[in-house]
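Undergrad: One structure, as structure tokens, below. Some questions next.
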Amino acid sequence: MLSNSRDDKYRYFLFSRWCGCRLRKFLFILFLVALSGCAFIGSYNPATGRREFIAISTPTEVRMGRDIHQRLLREYEFVIRGGLLNRVRSIGARLAAVSDRKDYKYNFYVIKKDEMNAFTTPGGNIYIFTGLLNKLKDDNQIAAVIAHEMGHCAARHVVKKFQAILGYDLLGSFILSNIGLSPYARSIARLSSSAVMRLVSSAYSRHDEYEADRLGVKYMRLAGFNPQGMVEVLKILKKTSREPGGLIILRSHPYLKDRIIAVQHEILCSKE
Ligand SMILES: [Zn+2]
């Protein structure tokens with residue numbers, strides 16, 4: 001029928017315009033990525049053994065991390081000196097030395113808050129709350145928390161998560177700023193504090209959690225820590241998940257029961 005045929009043509013017109021728009025946007029981002037010399041596209045990641053397609057370069061990732069850090073400084077009270085901070089930093093340095101990813105410098109921060117939480121932002125910034133540290137009994141357990149977060153860094157889970165959530169528009173402005181076509185767009189600064197926190201504490205996939213645990217066990221062993229500390233931390237998290245405030249870390253690090261079994265298996269299998 002004529003009317004249907006007209007509708008079909010109109011729908012086809014709208015569809016092709018939508019496709020064209022998406023295609024142009026994709027090609028534009030691709031052009032910017034190519035222009036920024038992003039040789040990392042489709043590069044091999046030794047931590048995961050996979051080829052990965054990451055559109056955010058390491059310098060851009062570091063700048064994103066720096067921006068987010070400024071927001072977090074306004075949001076939280078940080079521990080700026082003392083034994084606890086030195087302990088976290090020295091454990092972190094030992095783990096960083098054996099990490100698969102060494103193209104940026106890891107930074108370790110302690111946030112003064114009675115909350116069971118730890119998270120990582122782009123650029124290798126790892127944050128642990130005093131509420132979680134107070135529940136940990138020894139260096140092996142502190143190392144387990146840091147090594148797991150470092151696993152997320154090495155496997156590029158953090159940057160992939162941000163890439164997926166930020167989307168093309170925000171990503172484009174980061175890439176533009178990276179290649180100097182425009183003044184540095186402080187895209188993170190445009191987000192509200194709660195949006196930034198939602199971003200940093202958003203969940204990883206189940207696969208990513210298992211992978212971060214596996215890499216964490218590897219780094220703990222290589223740095224001379226007892227990987228059994230990872231099992232102990234997961235058990236502490238499982239126990240405290242029923243307590244008030246204990247659920248915070250589980251928003252981004254769930255599936256504890258299964259992960260305990262997987263880590264125990266990994267420790268047995270990776271034993272020399
Ligand atoms: Zn995790």
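Just so we're on the same page: first chain in the structure tokens is A, next is B, and so on; residues restart at 1 for each chain, and ligands are numbered from 1 in the order they show up.
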Can you write out as a tab-separated table which residues of chain A fall within 10 Å of ligand 1, alongside each residue's closest atom pair and its distance in Å to one decimal, counting only C-alpha atoms and all ligand atoms and ordering rows by chain and ascending residue number?

TA:
```
residue	atom	partner	partner_atom_place_in_ligand_line	distance
A:Ala118	CA	ligand 1	1 (Zn)	8.9
A:Phe119	CA	ligand 1	1 (Zn)	7.9
A:Thr120	CA	ligand 1	1 (Zn)	8.9
A:Val145	CA	ligand 1	1 (Zn)	8.9
A:Ala147	CA	ligand 1	1 (Zn)	10.0
A:His148	CA	ligand 1	1 (Zn)	6.3
A:Glu149	CA	ligand 1	1 (Zn)	6.1
A:Met150	CA	ligand 1	1 (Zn)	9.3
A:Gly151	CA	ligand 1	1 (Zn)	8.2
A:His152	CA	ligand 1	1 (Zn)	6.6
A:His157	CA	ligand 1	1 (Zn)	9.2
A:Val158	CA	ligand 1	1 (Zn)	9.6
A:Ser201	CA	ligand 1	1 (Zn)	9.9
A:Ala203	CA	ligand 1	1 (Zn)	8.0
A:Tyr204	CA	ligand 1	1 (Zn)	6.6
A:Ser205	CA	ligand 1	1 (Zn)	8.9
A:Arg206	CA	ligand 1	1 (Zn)	9.0
A:Asp208	CA	ligand 1	1 (Zn)	7.2
A:Glu209	CA	ligand 1	1 (Zn)	4.9
A:Tyr210	CA	ligand 1	1 (Zn)	8.1
A:Glu211	CA	ligand 1	1 (Zn)	8.8
A:Ala212	CA	ligand 1	1 (Zn)	6.2
A:Asp213	CA	ligand 1	1 (Zn)	7.5
A:Gly216	CA	ligand 1	1 (Zn)	10.0
A:Ile249	CA	ligand 1	1 (Zn)	8.7
A:Leu250	CA	ligand 1	1 (Zn)	8.7
A:Arg251	CA	ligand 1	1 (Zn)	9.5
A:Ser252	CA	ligand 1	1 (Zn)	6.1
A:His253	CA	ligand 1	1 (Zn)	4.5
A:Pro254	CA	ligand 1	1 (Zn)	7.8
```

Undergrad: Any chance you can output those residues with C-alpha atoms as an mmCIF file, in the first residue's frame?

TA:
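Result file is result-v3.cif:
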```cif
data_model
loop_
_atom_site.group_PDB
_atom_site.id
_atom_site.type_symbol
_atom_site.label_atom_id
_atom_site.label_comp_id
_atom_site.auth_asym_id
_atom_site.auth_seq_id
_atom_site.Cartn_x
_atom_site.Cartn_y
_atom_site.Cartn_z
ATOM 1 C CA ALA A 118 38.398 0.183 48.998
ATOM 2 C CA PHE A 119 38.379 1.289 45.379
ATOM 3 C CA THR A 120 40.591 2.175 42.467
ATOM 4 C CA VAL A 145 43.206 -5.807 49.360
ATOM 5 C CA ALA A 147 46.856 -6.779 45.236
ATOM 6 C CA HIS A 148 43.222 -7.334 44.242
ATOM 7 C CA GLU A 149 42.805 -3.659 43.338
ATOM 8 C CA MET A 150 46.103 -3.778 41.459
ATOM 9 C CA GLY A 151 44.739 -6.767 39.537
ATOM 10 C CA HIS A 152 41.850 -4.542 38.358
ATOM 11 C CA HIS A 157 39.161 -3.335 34.270
ATOM 12 C CA VAL A 158 39.136 0.163 35.789
ATOM 13 C CA SER A 201 32.097 2.356 43.201
ATOM 14 C CA ALA A 203 30.396 -2.929 40.020
ATOM 15 C CA TYR A 204 32.843 -4.921 37.962
ATOM 16 C CA SER A 205 31.680 -8.030 36.160
ATOM 17 C CA ARG A 206 31.925 -11.405 37.863
ATOM 18 C CA ASP A 208 36.652 -9.226 36.308
ATOM 19 C CA GLU A 209 36.409 -10.015 40.027
ATOM 20 C CA TYR A 210 37.748 -13.543 39.526
ATOM 21 C CA GLU A 211 40.525 -12.190 37.322
ATOM 22 C CA ALA A 212 41.519 -9.508 39.889
ATOM 23 C CA ASP A 213 41.602 -12.211 42.602
ATOM 24 C CA GLY A 216 46.129 -10.562 43.283
ATOM 25 C CA ILE A 249 32.627 -2.724 49.424
ATOM 26 C CA LEU A 250 30.352 -5.472 48.133
ATOM 27 C CA ARG A 251 28.681 -3.114 45.684
ATOM 28 C CA SER A 252 31.873 -3.263 43.656
ATOM 29 C CA HIS A 253 33.268 -6.596 44.883
ATOM 30 C CA PRO A 254 30.434 -9.144 45.119
#
```

Undergrad: Could you pull the residues within 8 Å of region 231-237 of chain A, counting only C-alpha atoms, minus those fewer than 5 positions along the same chain, as a PyMOL selection string?

TA: chain A and resi 135-136+141+144-145+246+256+259-260+263-264

Undergrad: With C-alpha atoms retained, write the just-selected residues as a short mmCIF file (atom, residue, chain, number, x, y, z; two decimals), in the first residue's frame.

TA:
```
data_model
loop_
_atom_site.label_atom_id
_atom_site.label_comp_id
_atom_site.auth_asym_id
_atom_site.auth_seq_id
_atom_site.Cartn_x
_atom_site.Cartn_y
_atom_site.Cartn_z
CA LYS A 135 39.32 -5.06 60.38
CA LEU A 136 42.52 -6.44 58.81
CA GLN A 141 45.58 -9.15 54.56
CA ALA A 144 45.42 -8.90 49.62
CA VAL A 145 43.21 -5.81 49.36
CA GLY A 246 29.63 -3.85 55.68
CA LEU A 256 32.18 -13.70 48.01
CA ARG A 259 35.40 -16.19 45.09
CA ILE A 260 36.65 -17.83 48.31
CA VAL A 263 40.97 -18.25 45.36
CA GLN A 264 41.60 -21.41 47.43
#
```

Undergrad: For Val62 (chain A), please output as a list of chain:residue names all residues within 8 Å (counting only C-alpha atoms; exclusion window: fewer than 5 positions along the same chain).

TA: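 Once the adjacent positions are removed, what remains is A:Tyr104, A:Pro122, A:Gly123, A:Gly124.
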
Undergrad: One decimal, Å: what's the distance from CA of Arg94 (chain A) over to CA of Arg214 (chain A), could you say?

TA: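 Answer for the CA of Arg94 (chain A) to CA of Arg214 (chain A) separation: 17.5 Å.
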
Undergrad: With only C-alpha atoms as the atoms that count, which of A:Ile111, A:Ile128, A:Ile267, A:Ala96 lies nearest to Tyr219 (chain A)?

TA: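 Nearest to Tyr219 (chain A): A:Ala96.
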
Undergrad: Between A:Ser43, A:Thr58, A:Gln228, A:Thr130, which one has atoms that come closest to Asp103 (chain A), using only C-alpha atoms?

TA: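 Using only C-alpha atoms, the shortest distance to Asp103 (chain A) belongs to A:Thr58.
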
Undergrad: Have a look at CA of Phe162 (chain A) and CA of Pro227 (chain A) and let me know their distance in Å, one decimal.

TA: 28.9 Å

Undergrad: Pick out the residues sitting within 12 Å of Tyr44 (chain A), and hand them over as a compact mmCIF listing (two decimals) with N, CA and C atoms, in the first residue's frame; count only C-alpha atoms, and ignore anything fewer than 4 positions along from it in its own chain.

TA:
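Saved file around_25.txt follows:
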```
# COMPACT_ATOMS: atom_id res chain seq x y z
N ALA A 39 48.71 3.69 20.12
CA ALA A 39 49.19 2.39 19.67
C ALA A 39 48.68 1.27 20.55
N PHE A 40 48.03 1.67 21.67
CA PHE A 40 47.55 0.66 22.61
C PHE A 40 46.30 -0.04 22.10
N THR A 48 46.35 -10.36 31.28
CA THR A 48 45.16 -11.15 30.97
C THR A 48 45.41 -12.17 29.86
N GLY A 49 46.48 -11.95 29.09
CA GLY A 49 46.76 -12.83 27.96
C GLY A 49 45.81 -12.58 26.80
N ARG A 50 45.17 -11.41 26.79
CA ARG A 50 44.22 -11.09 25.71
C ARG A 50 44.67 -9.84 24.96
N ARG A 51 44.19 -9.72 23.72
CA ARG A 51 44.34 -8.45 23.01
C ARG A 51 43.16 -7.58 23.43
N GLU A 52 43.44 -6.32 23.75
CA GLU A 52 42.38 -5.48 24.28
C GLU A 52 42.24 -4.18 23.49
N PHE A 53 41.02 -3.70 23.41
CA PHE A 53 40.73 -2.48 22.65
C PHE A 53 40.37 -1.37 23.64
N ILE A 54 41.38 -0.61 24.02
CA ILE A 54 41.18 0.46 24.99
C ILE A 54 41.40 1.79 24.28
N ASP A 100 52.00 -6.62 36.63
CA ASP A 100 52.14 -6.73 35.17
C ASP A 100 52.09 -5.37 34.50
N ARG A 101 51.48 -4.40 35.19
CA ARG A 101 51.33 -3.07 34.58
C ARG A 101 52.25 -2.08 35.27
N ALA A 154 45.89 -3.80 36.40
CA ALA A 154 46.72 -4.51 35.40
C ALA A 154 45.86 -5.09 34.28
N ALA A 155 44.69 -5.59 34.64
CA ALA A 155 43.80 -6.17 33.63
C ALA A 155 42.99 -5.09 32.91
N ARG A 156 43.22 -3.85 33.27
CA ARG A 156 42.56 -2.68 32.70
C ARG A 156 41.05 -2.70 32.89
```
